[in-house]
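Next up, upload-v7.pdb (PDB, C-alpha atoms, pLDDT in the B column):
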ATOM      1  CA  MET A  87    -109.207 137.160  41.228  1.00 45.00           C
ATOM      2  CA  ALA A  88    -108.161 139.832  43.723  1.00 50.00           C
ATOM      3  CA  GLU A  89    -111.590 141.454  43.461  1.00 50.00           C
ATOM      4  CA  ASN A  90    -113.320 138.165  44.334  1.00 50.00           C
ATOM      5  CA  LEU A  91    -111.293 137.826  47.516  1.00 53.00           C
ATOM      6  CA  ILE A  92    -112.836 140.935  49.049  1.00 55.00           C
ATOM      7  CA  LYS A  93    -116.460 140.136  48.296  1.00 59.00           C
ATOM      8  CA  PRO A  94    -118.592 139.625  51.450  1.00 61.00           C
ATOM      9  CA  GLU A  95    -119.563 136.093  50.434  1.00 66.00           C
ATOM     10  CA  ASN A  96    -115.871 135.127  50.424  1.00 65.00           C
ATOM     11  CA  LEU A  97    -115.109 136.635  53.827  1.00 62.00           C
ATOM     12  CA  VAL A  98    -113.907 133.937  56.242  1.00 67.00           C
ATOM     13  CA  TYR A  99    -112.454 136.117  58.998  1.00 72.00           C
ATOM     14  CA  GLU A 100    -113.251 139.500  60.447  1.00 83.00           C
ATOM     15  CA  LYS A 101    -112.545 141.248  63.715  1.00 87.00           C
ATOM     16  CA  SER A 102    -114.922 140.523  66.539  1.00 93.00           C
ATOM     17  CA  LYS A 103    -117.129 143.461  67.482  1.00 95.00           C
ATOM     18  CA  SER A 104    -116.284 142.864  71.130  1.00 97.00           C
ATOM     19  CA  MET A 105    -112.563 143.439  70.567  1.00 96.00           C
ATOM     20  CA  THR A 106    -110.866 146.790  70.102  1.00 96.00           C
ATOM     21  CA  GLU A 107    -108.526 147.799  67.287  1.00 94.00           C
ATOM     22  CA  ARG A 108    -105.460 147.713  69.536  1.00 94.00           C
ATOM     23  CA  GLU A 109    -102.663 145.332  68.560  1.00 93.00           C
ATOM     24  CA  LEU A 110    -102.116 142.498  71.057  1.00 93.00           C
ATOM     25  CA  HIS A 111     -98.923 142.655  73.118  1.00 92.00           C
ATOM     26  CA  TYR A 112     -98.665 138.923  73.829  1.00 94.00           C
ATOM     27  CA  CYS A 113     -95.598 136.902  72.835  1.00 93.00           C
ATOM     28  CA  PRO A 114     -95.725 135.096  69.461  1.00 93.00           C
ATOM     29  CA  GLY A 115     -97.549 131.784  69.799  1.00 94.00           C
ATOM     30  CA  CYS A 116     -99.147 132.618  73.151  1.00 95.00           C
ATOM     31  CA  GLY A 117    -102.689 131.336  73.637  1.00 95.00           C
ATOM     32  CA  HIS A 118    -104.001 134.496  75.286  1.00 95.00           C
ATOM     33  CA  GLY A 119    -104.842 136.207  72.012  1.00 95.00           C
ATOM     34  CA  THR A 120    -106.893 133.272  70.726  1.00 96.00           C
ATOM     35  CA  ALA A 121    -108.630 132.898  74.090  1.00 97.00           C
ATOM     36  CA  HIS A 122    -109.523 136.604  73.924  1.00 97.00           C
ATOM     37  CA  ARG A 123    -110.919 136.100  70.458  1.00 96.00           C
ATOM     38  CA  MET A 124    -113.048 133.090  71.432  1.00 97.00           C
ATOM     39  CA  LEU A 125    -114.538 134.891  74.423  1.00 98.00           C
ATOM     40  CA  ALA A 126    -115.234 137.978  72.326  1.00 98.00           C
ATOM     41  CA  GLU A 127    -116.926 135.859  69.651  1.00 97.00           C
ATOM     42  CA  ALA A 128    -119.110 134.211  72.303  1.00 98.00           C
ATOM     43  CA  ILE A 129    -120.151 137.669  73.502  1.00 98.00           C
ATOM     44  CA  ASP A 130    -120.885 138.685  69.901  1.00 97.00           C
ATOM     45  CA  ASP A 131    -122.942 135.573  69.211  1.00 97.00           C
ATOM     46  CA  LEU A 132    -125.088 136.200  72.277  1.00 97.00           C
ATOM     47  CA  ASP A 133    -125.401 139.902  71.394  1.00 97.00           C
ATOM     48  CA  ILE A 134    -124.492 140.994  74.926  1.00 98.00           C
ATOM     49  CA  GLN A 135    -121.578 143.337  74.257  1.00 97.00           C
ATOM     50  CA  GLY A 136    -123.321 146.269  75.946  1.00 97.00           C
ATOM     51  CA  GLU A 137    -124.342 144.137  78.914  1.00 98.00           C
ATOM     52  CA  THR A 138    -120.964 142.565  79.679  1.00 98.00           C
ATOM     53  CA  ILE A 139    -118.435 143.570  82.346  1.00 98.00           C
ATOM     54  CA  GLY A 140    -114.972 142.025  82.579  1.00 98.00           C
ATOM     55  CA  ILE A 141    -112.357 142.082  85.324  1.00 97.00           C
ATOM     56  CA  ALA A 142    -108.645 141.734  84.591  1.00 93.00           C
ATOM     57  CA  PRO A 143    -106.223 141.402  87.513  1.00 89.00           C
ATOM     58  CA  VAL A 144    -102.406 141.237  87.536  1.00 88.00           C
ATOM     59  CA  GLY A 145    -100.520 138.905  85.182  1.00 86.00           C
ATOM     60  CA  CYS A 146     -99.968 138.575  81.446  1.00 88.00           C
ATOM     61  CA  SER A 147    -103.633 139.440  80.944  1.00 85.00           C
ATOM     62  CA  VAL A 148    -103.401 142.645  82.997  1.00 88.00           C
ATOM     63  CA  LEU A 149    -103.932 144.662  79.803  1.00 89.00           C
ATOM     64  CA  ALA A 150    -107.054 142.779  78.746  1.00 92.00           C
ATOM     65  CA  TYR A 151    -109.011 145.997  79.180  1.00 92.00           C
ATOM     66  CA  TYR A 152    -107.169 147.270  76.083  1.00 94.00           C
ATOM     67  CA  TYR A 153    -108.524 144.440  73.958  1.00 96.00           C
ATOM     68  CA  PHE A 154    -112.101 143.718  75.043  1.00 97.00           C
ATOM     69  CA  ASP A 155    -114.538 146.355  73.821  1.00 97.00           C
ATOM     70  CA  VAL A 156    -116.795 145.934  76.835  1.00 98.00           C
ATOM     71  CA  ASP A 157    -116.825 147.603  80.249  1.00 97.00           C
ATOM     72  CA  MET A 158    -113.599 146.486  81.952  1.00 97.00           C
ATOM     73  CA  LEU A 159    -112.120 146.941  85.405  1.00 95.00           C
ATOM     74  CA  GLU A 160    -108.735 146.054  86.838  1.00 94.00           C
ATOM     75  CA  ALA A 161    -108.535 144.225  90.170  1.00 95.00           C
ATOM     76  CA  ALA A 162    -105.662 143.825  92.593  1.00 94.00           C
ATOM     77  CA  HIS A 163    -103.599 140.661  92.208  1.00 92.00           C
ATOM     78  CA  GLY A 164    -105.838 137.632  92.810  1.00 93.00           C
ATOM     79  CA  ARG A 165    -108.923 139.614  93.750  1.00 96.00           C
ATOM     80  CA  ALA A 166    -110.888 139.438  90.514  1.00 97.00           C
ATOM     81  CA  PRO A 167    -113.574 137.033  91.840  1.00 97.00           C
ATOM     82  CA  ALA A 168    -114.162 139.322  94.817  1.00 97.00           C
ATOM     83  CA  VAL A 169    -114.529 142.353  92.549  1.00 98.00           C
ATOM     84  CA  ALA A 170    -116.765 140.366  90.207  1.00 98.00           C
ATOM     85  CA  THR A 171    -118.918 139.344  93.160  1.00 98.00           C
ATOM     86  CA  GLY A 172    -119.493 142.967  94.131  1.00 98.00           C
ATOM     87  CA  ILE A 173    -120.302 144.024  90.581  1.00 98.00           C
ATOM     88  CA  LYS A 174    -122.710 141.149  89.977  1.00 98.00           C
ATOM     89  CA  ARG A 175    -124.569 141.726  93.224  1.00 97.00           C
ATOM     90  CA  VAL A 176    -125.027 145.416  92.459  1.00 98.00           C
ATOM     91  CA  LEU A 177    -125.798 144.826  88.773  1.00 98.00           C
ATOM     92  CA  PRO A 178    -127.338 141.325  88.651  1.00 97.00           C
ATOM     93  CA  GLU A 179    -128.659 141.801  85.117  1.00 97.00           C
ATOM     94  CA  LYS A 180    -125.136 142.190  83.697  1.00 98.00           C
ATOM     95  CA  TYR A 181    -122.895 139.401  82.378  1.00 98.00           C
ATOM     96  CA  VAL A 182    -119.746 139.420  84.501  1.00 98.00           C
ATOM     97  CA  PHE A 183    -116.505 137.544  83.825  1.00 98.00           C
ATOM     98  CA  THR A 184    -112.992 137.436  85.225  1.00 98.00           C
ATOM     99  CA  TYR A 185    -109.974 136.657  83.065  1.00 97.00           C
ATOM    100  CA  GLN A 186    -107.139 135.201  85.151  1.00 96.00           C
ATOM    101  CA  GLY A 187    -103.870 133.332  84.837  1.00 93.00           C
ATOM    102  CA  ASP A 188    -102.791 130.419  87.015  1.00 91.00           C
ATOM    103  CA  GLY A 189    -100.467 132.481  89.204  1.00 88.00           C
ATOM    104  CA  ASP A 190    -103.205 135.010  89.867  1.00 92.00           C
ATOM    105  CA  LEU A 191    -106.101 132.589  90.286  1.00 95.00           C
ATOM    106  CA  ALA A 192    -104.440 129.569  91.864  1.00 93.00           C
ATOM    107  CA  ALA A 193    -101.835 131.232  94.109  1.00 93.00           C
ATOM    108  CA  ILE A 194    -102.531 134.659  95.600  1.00 93.00           C
ATOM    109  CA  GLY A 195    -106.186 134.418  94.544  1.00 94.00           C
ATOM    110  CA  THR A 196    -106.917 130.894  95.788  1.00 95.00           C
ATOM    111  CA  ALA A 197    -109.180 132.082  98.600  1.00 96.00           C
ATOM    112  CA  GLU A 198    -111.206 134.381  96.345  1.00 96.00           C
ATOM    113  CA  THR A 199    -111.620 131.633  93.760  1.00 97.00           C
ATOM    114  CA  ILE A 200    -112.649 128.920  96.216  1.00 97.00           C
ATOM    115  CA  HIS A 201    -115.057 131.053  98.204  1.00 97.00           C
ATOM    116  CA  ALA A 202    -116.696 132.632  95.140  1.00 98.00           C
ATOM    117  CA  CYS A 203    -117.347 129.148  93.775  1.00 98.00           C
ATOM    118  CA  ASN A 204    -118.492 127.850  97.139  1.00 98.00           C
ATOM    119  CA  ARG A 205    -120.993 130.698  97.451  1.00 98.00           C
ATOM    120  CA  GLY A 206    -122.174 130.050  93.908  1.00 98.00           C
ATOM    121  CA  GLU A 207    -121.583 133.602  92.741  1.00 98.00           C
ATOM    122  CA  ASN A 208    -123.292 133.997  89.386  1.00 98.00           C
ATOM    123  CA  ILE A 209    -120.145 134.859  87.417  1.00 98.00           C
ATOM    124  CA  LEU A 210    -117.874 133.339  84.764  1.00 98.00           C
ATOM    125  CA  ILE A 211    -114.263 132.706  85.766  1.00 98.00           C
ATOM    126  CA  VAL A 212    -111.909 132.301  82.801  1.00 98.00           C
ATOM    127  CA  PHE A 213    -108.775 130.476  83.933  1.00 97.00           C
ATOM    128  CA  ILE A 214    -105.695 130.442  81.659  1.00 96.00           C
ATOM    129  CA  ASN A 215    -103.368 127.639  82.772  1.00 96.00           C
ATOM    130  CA  ASN A 216     -99.890 127.572  81.240  1.00 95.00           C
ATOM    131  CA  GLY A 217     -98.206 125.985  84.236  1.00 93.00           C
ATOM    132  CA  ILE A 218     -95.923 128.919  84.972  1.00 91.00           C
ATOM    133  CA  TYR A 219     -95.769 132.572  85.992  1.00 91.00           C
ATOM    134  CA  GLY A 220     -95.591 134.209  82.577  1.00 82.00           C
ATOM    135  CA  MET A 221     -95.444 137.934  83.251  1.00 82.00           C
ATOM    136  CA  THR A 222     -92.903 137.985  86.069  1.00 80.00           C
ATOM    137  CA  GLY A 223     -90.189 135.797  84.603  1.00 82.00           C
ATOM    138  CA  GLY A 224     -91.185 132.134  84.507  1.00 80.00           C
ATOM    139  CA  GLN A 225     -91.329 131.179  88.162  1.00 89.00           C
ATOM    140  CA  MET A 226     -93.002 127.990  89.372  1.00 90.00           C
ATOM    141  CA  ALA A 227     -96.771 128.294  89.690  1.00 93.00           C
ATOM    142  CA  PRO A 228     -99.264 126.144  91.631  1.00 94.00           C
ATOM    143  CA  THR A 229    -100.016 124.434  88.301  1.00 95.00           C
ATOM    144  CA  THR A 230     -96.394 123.679  87.350  1.00 95.00           C
ATOM    145  CA  LEU A 231     -96.069 119.977  86.559  1.00 96.00           C
ATOM    146  CA  GLU A 232     -93.895 117.523  88.445  1.00 96.00           C
ATOM    147  CA  ASN A 233     -90.282 117.754  87.184  1.00 95.00           C
ATOM    148  CA  MET A 234     -91.193 120.796  85.075  1.00 94.00           C
ATOM    149  CA  LYS A 235     -88.401 123.366  85.159  1.00 92.00           C
ATOM    150  CA  SER A 236     -88.915 127.028  85.964  1.00 89.00           C
ATOM    151  CA  THR A 237     -86.726 129.877  87.165  1.00 89.00           C
ATOM    152  CA  THR A 238     -87.512 128.933  90.768  1.00 89.00           C
ATOM    153  CA  SER A 239     -87.393 125.172  90.162  1.00 91.00           C
ATOM    154  CA  PRO A 240     -84.389 124.896  87.814  1.00 93.00           C
ATOM    155  CA  ARG A 241     -84.055 121.156  88.498  1.00 95.00           C
ATOM    156  CA  GLY A 242     -87.767 120.589  88.058  1.00 92.00           C
ATOM    157  CA  ARG A 243     -90.667 120.616  90.490  1.00 95.00           C
ATOM    158  CA  ASP A 244     -89.940 118.241  93.365  1.00 95.00           C
ATOM    159  CA  ILE A 245     -93.225 116.937  94.780  1.00 95.00           C
ATOM    160  CA  LYS A 246     -91.658 116.075  98.142  1.00 96.00           C
ATOM    161  CA  THR A 247     -90.567 119.630  98.854  1.00 95.00           C
ATOM    162  CA  MET A 248     -92.786 121.711  96.550  1.00 95.00           C
ATOM    163  CA  GLY A 249     -96.077 119.855  96.687  1.00 95.00           C
ATOM    164  CA  ASN A 250     -98.332 118.610  93.906  1.00 96.00           C
ATOM    165  CA  PRO A 251     -99.704 120.715  91.046  1.00 96.00           C
ATOM    166  CA  LEU A 252    -103.199 121.978  91.751  1.00 96.00           C
ATOM    167  CA  LYS A 253    -106.076 120.819  89.561  1.00 97.00           C
ATOM    168  CA  ILE A 254    -108.229 123.861  90.109  1.00 97.00           C
ATOM    169  CA  SER A 255    -111.149 122.823  87.900  1.00 98.00           C
ATOM    170  CA  GLU A 256    -111.507 119.474  89.660  1.00 98.00           C
ATOM    171  CA  LEU A 257    -111.164 121.220  93.006  1.00 97.00           C
ATOM    172  CA  VAL A 258    -113.936 123.763  92.439  1.00 98.00           C
ATOM    173  CA  ALA A 259    -116.142 121.152  90.735  1.00 98.00           C
ATOM    174  CA  GLU A 260    -116.581 119.553  94.171  1.00 97.00           C
ATOM    175  CA  LEU A 261    -118.138 122.728  95.567  1.00 98.00           C
ATOM    176  CA  PRO A 262    -121.944 122.947  95.560  1.00 96.00           C
ATOM    177  CA  GLY A 263    -121.965 126.498  94.208  1.00 98.00           C
ATOM    178  CA  THR A 264    -120.056 125.555  91.055  1.00 98.00           C
ATOM    179  CA  TYR A 265    -122.560 124.907  88.291  1.00 98.00           C
ATOM    180  CA  TYR A 266    -120.254 124.314  85.339  1.00 98.00           C
ATOM    181  CA  ALA A 267    -116.539 123.489  85.197  1.00 98.00           C
ATOM    182  CA  THR A 268    -114.769 122.561  81.986  1.00 98.00           C
ATOM    183  CA  ARG A 269    -111.252 122.470  80.530  1.00 98.00           C
ATOM    184  CA  HIS A 270    -110.224 123.221  76.953  1.00 98.00           C
ATOM    185  CA  SER A 271    -107.398 124.595  74.806  1.00 98.00           C
ATOM    186  CA  VAL A 272    -106.994 126.973  71.884  1.00 98.00           C
ATOM    187  CA  HIS A 273    -103.941 125.530  70.131  1.00 97.00           C
ATOM    188  CA  THR A 274    -105.870 124.206  67.109  1.00 97.00           C
ATOM    189  CA  PRO A 275    -108.923 125.573  65.271  1.00 95.00           C
ATOM    190  CA  ALA A 276    -111.065 122.646  66.450  1.00 97.00           C
ATOM    191  CA  ASN A 277    -110.053 123.126  70.067  1.00 97.00           C
ATOM    192  CA  ALA A 278    -110.585 126.872  69.841  1.00 97.00           C
ATOM    193  CA  ARG A 279    -114.147 126.291  68.625  1.00 97.00           C
ATOM    194  CA  LYS A 280    -114.807 123.982  71.599  1.00 98.00           C
ATOM    195  CA  THR A 281    -113.521 126.691  73.921  1.00 98.00           C
ATOM    196  CA  LYS A 282    -115.841 129.218  72.329  1.00 98.00           C
ATOM    197  CA  ARG A 283    -118.809 126.899  72.856  1.00 98.00           C
ATOM    198  CA  ALA A 284    -117.824 126.529  76.508  1.00 98.00           C
ATOM    199  CA  PHE A 285    -117.720 130.308  76.926  1.00 98.00           C
ATOM    200  CA  LYS A 286    -121.168 130.604  75.355  1.00 98.00           C
ATOM    201  CA  LYS A 287    -122.606 127.928  77.627  1.00 97.00           C
ATOM    202  CA  ALA A 288    -121.157 129.606  80.694  1.00 98.00           C
ATOM    203  CA  LEU A 289    -122.593 132.987  79.753  1.00 97.00           C
ATOM    204  CA  GLU A 290    -125.991 131.455  79.001  1.00 97.00           C
ATOM    205  CA  TYR A 291    -125.992 129.707  82.383  1.00 97.00           C
ATOM    206  CA  GLN A 292    -125.267 133.055  83.999  1.00 95.00           C
ATOM    207  CA  LYS A 293    -128.436 134.452  82.480  1.00 91.00           C
ATOM    208  CA  GLU A 294    -130.291 131.594  84.168  1.00 93.00           C
ATOM    209  CA  ASN A 295    -128.687 132.460  87.529  1.00 93.00           C
ATOM    210  CA  LYS A 296    -127.318 128.948  87.972  1.00 91.00           C
ATOM    211  CA  GLY A 297    -124.144 129.641  89.971  1.00 97.00           C
ATOM    212  CA  THR A 298    -120.432 129.909  89.253  1.00 98.00           C
ATOM    213  CA  CYS A 299    -119.030 128.760  85.917  1.00 98.00           C
ATOM    214  CA  LEU A 300    -115.312 128.154  85.415  1.00 98.00           C
ATOM    215  CA  VAL A 301    -113.770 127.622  81.996  1.00 98.00           C
ATOM    216  CA  GLU A 302    -110.123 126.567  82.149  1.00 98.00           C
ATOM    217  CA  VAL A 303    -107.947 126.983  79.065  1.00 98.00           C
ATOM    218  CA  VAL A 304    -104.736 124.945  79.093  1.00 98.00           C
ATOM    219  CA  SER A 305    -102.297 127.090  77.168  1.00 97.00           C
ATOM    220  CA  ASN A 306     -98.644 127.399  76.280  1.00 96.00           C
ATOM    221  CA  CYS A 307     -95.921 129.890  77.212  1.00 95.00           C
ATOM    222  CA  PRO A 308     -93.288 129.691  74.471  1.00 94.00           C
ATOM    223  CA  SER A 309     -91.136 132.458  75.955  1.00 93.00           C
ATOM    224  CA  ASN A 310     -90.805 131.040  79.462  1.00 93.00           C
ATOM    225  CA  TRP A 311     -90.815 127.428  78.303  1.00 94.00           C
ATOM    226  CA  LYS A 312     -87.893 128.425  76.051  1.00 94.00           C
ATOM    227  CA  MET A 313     -89.501 126.853  72.981  1.00 94.00           C
ATOM    228  CA  THR A 314     -90.818 127.871  69.603  1.00 96.00           C
ATOM    229  CA  PRO A 315     -94.620 128.151  69.386  1.00 96.00           C
ATOM    230  CA  ALA A 316     -94.812 124.833  67.496  1.00 97.00           C
ATOM    231  CA  GLU A 317     -92.557 123.109  70.025  1.00 97.00           C
ATOM    232  CA  SER A 318     -94.574 124.482  72.928  1.00 97.00           C
ATOM    233  CA  ASN A 319     -97.840 123.204  71.461  1.00 97.00           C
ATOM    234  CA  LYS A 320     -96.345 119.745  71.039  1.00 97.00           C
ATOM    235  CA  TRP A 321     -94.936 119.808  74.579  1.00 97.00           C
ATOM    236  CA  MET A 322     -98.316 120.902  75.899  1.00 97.00           C
ATOM    237  CA  GLU A 323    -100.077 118.009  74.169  1.00 98.00           C
ATOM    238  CA  GLU A 324     -97.540 115.470  75.439  1.00 98.00           C
ATOM    239  CA  ASN A 325     -97.161 116.773  79.004  1.00 97.00           C
ATOM    240  CA  MET A 326     -99.940 119.162  80.061  1.00 97.00           C
ATOM    241  CA  PHE A 327    -102.937 117.322  78.633  1.00 98.00           C
ATOM    242  CA  PRO A 328    -102.222 113.967  80.353  1.00 98.00           C
ATOM    243  CA  PHE A 329    -102.267 115.733  83.740  1.00 98.00           C
ATOM    244  CA  TYR A 330    -104.901 118.332  82.829  1.00 98.00           C
ATOM    245  CA  PRO A 331    -107.221 116.331  80.533  1.00 98.00           C
ATOM    246  CA  LEU A 332    -109.501 118.347  78.290  1.00 98.00           C
ATOM    247  CA  GLY A 333    -113.260 118.088  78.562  1.00 98.00           C
ATOM    248  CA  ASP A 334    -116.175 118.762  80.894  1.00 98.00           C
ATOM    249  CA  ILE A 335    -115.594 118.186  84.585  1.00 98.00           C
ATOM    250  CA  LYS A 336    -118.924 119.293  86.005  1.00 98.00           C
ATOM    251  CA  THR A 337    -121.993 119.867  83.891  1.00 96.00           C
ATOM    252  CA  PRO A 338    -125.637 120.543  84.734  1.00 91.00           C
ATOM    253  CA  LYS A 339    -127.570 117.437  85.686  1.00 80.00           C
TER     254      LYS A 339
END
Representation of the structure as structure tokens:
Amino acid sequence: MAENLIKPENLVYEKSKSMTERELHYCPGCGHGTAHRMLAEAIDDLDIQGETIGIAPVGCSVLAYYYFDVDMLEAAHGRAPAVATGIKRVLPEKYVFTYQGDGDLAAIGTAETIHACNRGENILIVFINNGIYGMTGGQMAPTTLENMKSTTSPRGRDIKTMGNPLKISELVAELPGTYYATRHSVHTPANARKTKRAFKKALEYQKENKGTCLVEVVSNCPSNWKMTPAESNKWMEENMFPFYPLGDIKTPK
């Protein structure tokens, strides 16, 4: 029986070629690791590992260059789309992506995100939205929900004084340079597969020089939400998804 389990025809899981051997540092239950895996599998499926360049800025994903076995660069906080723009213009034949959290992309990097999309830069922006600043201690982010508690909104986000959560995907979908904007999750196998398909579409569109693609992944943060992984997934389904509904927001006509 044990011998049968290791036969190639029985293999159901193996490491993606586009990921390194390094063990992930993310908290147990965090969606970053699965999102990494789905993006790496999309790169594998398209056979573009040697032609792909990724940019990781500051945040929980700052060490993404340890995990993706492609050419990787680190950008200053929020500046990944600007760096990606420069790389893509110099090397237009390459597949270029950024991998950013909501604090990085939707706060300090808002200008870079909006203007890259408005110009229609031919890049993929991967946006991980867990509604909080994960790396720096659980502060309120631009995506934090109304009444959602954080270390800087201990009584919950007050819309009157703190403003509304930003729906980045809907915002950039209105810009003419954005070609594809979609929102998914990776908390179940079925949802993870949908996210992978979205990554593949976005990379294929880049080959066609269609403009900016943004794939948002609504994720959890068990550590800063002060929940178990299972509890955080349930909370995400009940609270995040109603405000950030999954599915395509802007697709090619």
Within 8 Å of (-112.4, 141.0, 91.1), in the coordinates the file gives, what residues turn up when you count all atoms listed in the file, written out as a short mmCIF file (atom, residue, chain, number, x, y, z; two decimals) with C-alpha atoms, in the frame of the given file?
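The new file part-v4.cif reads:
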data_model
loop_
_atom_site.label_atom_id
_atom_site.label_comp_id
_atom_site.auth_asym_id
_atom_site.auth_seq_id
_atom_site.Cartn_x
_atom_site.Cartn_y
_atom_site.Cartn_z
CA ILE A 141 -112.36 142.08 85.32
CA ALA A 142 -108.64 141.73 84.59
CA PRO A 143 -106.22 141.40 87.51
CA GLU A 160 -108.74 146.05 86.84
CA ALA A 161 -108.54 144.22 90.17
CA ALA A 162 -105.66 143.82 92.59
CA GLY A 164 -105.84 137.63 92.81
CA ARG A 165 -108.92 139.61 93.75
CA ALA A 166 -110.89 139.44 90.51
CA PRO A 167 -113.57 137.03 91.84
CA ALA A 168 -114.16 139.32 94.82
CA VAL A 169 -114.53 142.35 92.55
CA ALA A 170 -116.76 140.37 90.21
CA THR A 171 -118.92 139.34 93.16
CA GLY A 172 -119.49 142.97 94.13
CA THR A 184 -112.99 137.44 85.22
#
Residues near region 246-256 of chain A, cut-off 10 Å, all atoms listed in the file, skip fewer than 5 positions along chain, as a PyMOL selection string: chain A and resi 188+191-193+196+199-200+213+215+217+226-232+239+261+264+266-269+300-302+329-330+334-336
Separating CA of Gly187 (chain A) from CA of Gly333 (chain A), to the nearest tenth of an Å, is a gap of 19.0 Å
Could you list, as a VMD selection string, every residue matched by the PyMOL selection byres ((chain A and resi 205-209) around 10) in this structure? chain A and resid 167 to 168 170 to 175 178 180 to 184 200 to 204 210 to 212 261 to 265 288 to 289 291 to 300
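Going from CA of Thr120 (chain A) to CA of Thr281 (chain A) covers 9.9 Å.
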Quick one: pull the distance between CA of Tyr152 (chain A) and CA of Ala128 (chain A), Å, one decimal. 18.1 Å
Ranking A:Gly145, A:Gly195, A:Pro114, A:Gly140 by minimum distance to Leu159 (chain A) and counting all atoms listed in the file, which one comes first? A:Gly140
Name the residues captured by the PyMOL selection byres ((chain A and resi 234-237) around 8) when it is applied to the shown file; answer as a PyMOL selection string. chain A and resi 218+223-226+230-233+238-243+310-311
File of the preceding selection, C-alpha atoms, as a PDB file, in the frame of the given file:
ATOM      1  CA  ILE A 218     -95.923 128.919  84.972  1.00 91.00           C
ATOM      2  CA  GLY A 223     -90.189 135.797  84.603  1.00 82.00           C
ATOM      3  CA  GLY A 224     -91.185 132.134  84.507  1.00 80.00           C
ATOM      4  CA  GLN A 225     -91.329 131.179  88.162  1.00 89.00           C
ATOM      5  CA  MET A 226     -93.002 127.990  89.372  1.00 90.00           C
ATOM      6  CA  THR A 230     -96.394 123.679  87.350  1.00 95.00           C
ATOM      7  CA  LEU A 231     -96.069 119.977  86.559  1.00 96.00           C
ATOM      8  CA  GLU A 232     -93.895 117.523  88.445  1.00 96.00           C
ATOM      9  CA  ASN A 233     -90.282 117.754  87.184  1.00 95.00           C
ATOM     10  CA  THR A 238     -87.512 128.933  90.768  1.00 89.00           C
ATOM     11  CA  SER A 239     -87.393 125.172  90.162  1.00 91.00           C
ATOM     12  CA  PRO A 240     -84.389 124.896  87.814  1.00 93.00           C
ATOM     13  CA  ARG A 241     -84.055 121.156  88.498  1.00 95.00           C
ATOM     14  CA  GLY A 242     -87.767 120.589  88.058  1.00 92.00           C
ATOM     15  CA  ARG A 243     -90.667 120.616  90.490  1.00 95.00           C
ATOM     16  CA  ASN A 310     -90.805 131.040  79.462  1.00 93.00           C
ATOM     17  CA  TRP A 311     -90.815 127.428  78.303  1.00 94.00           C
TER      18      TRP A 311
END
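Of the residues under consideration (A:Asn319, A:Leu257, A:Met124, A:Cys146), A:Cys146 shows the shortest atom-to-atom contact distance to Thr222 (chain A) when counting all atoms listed in the file.
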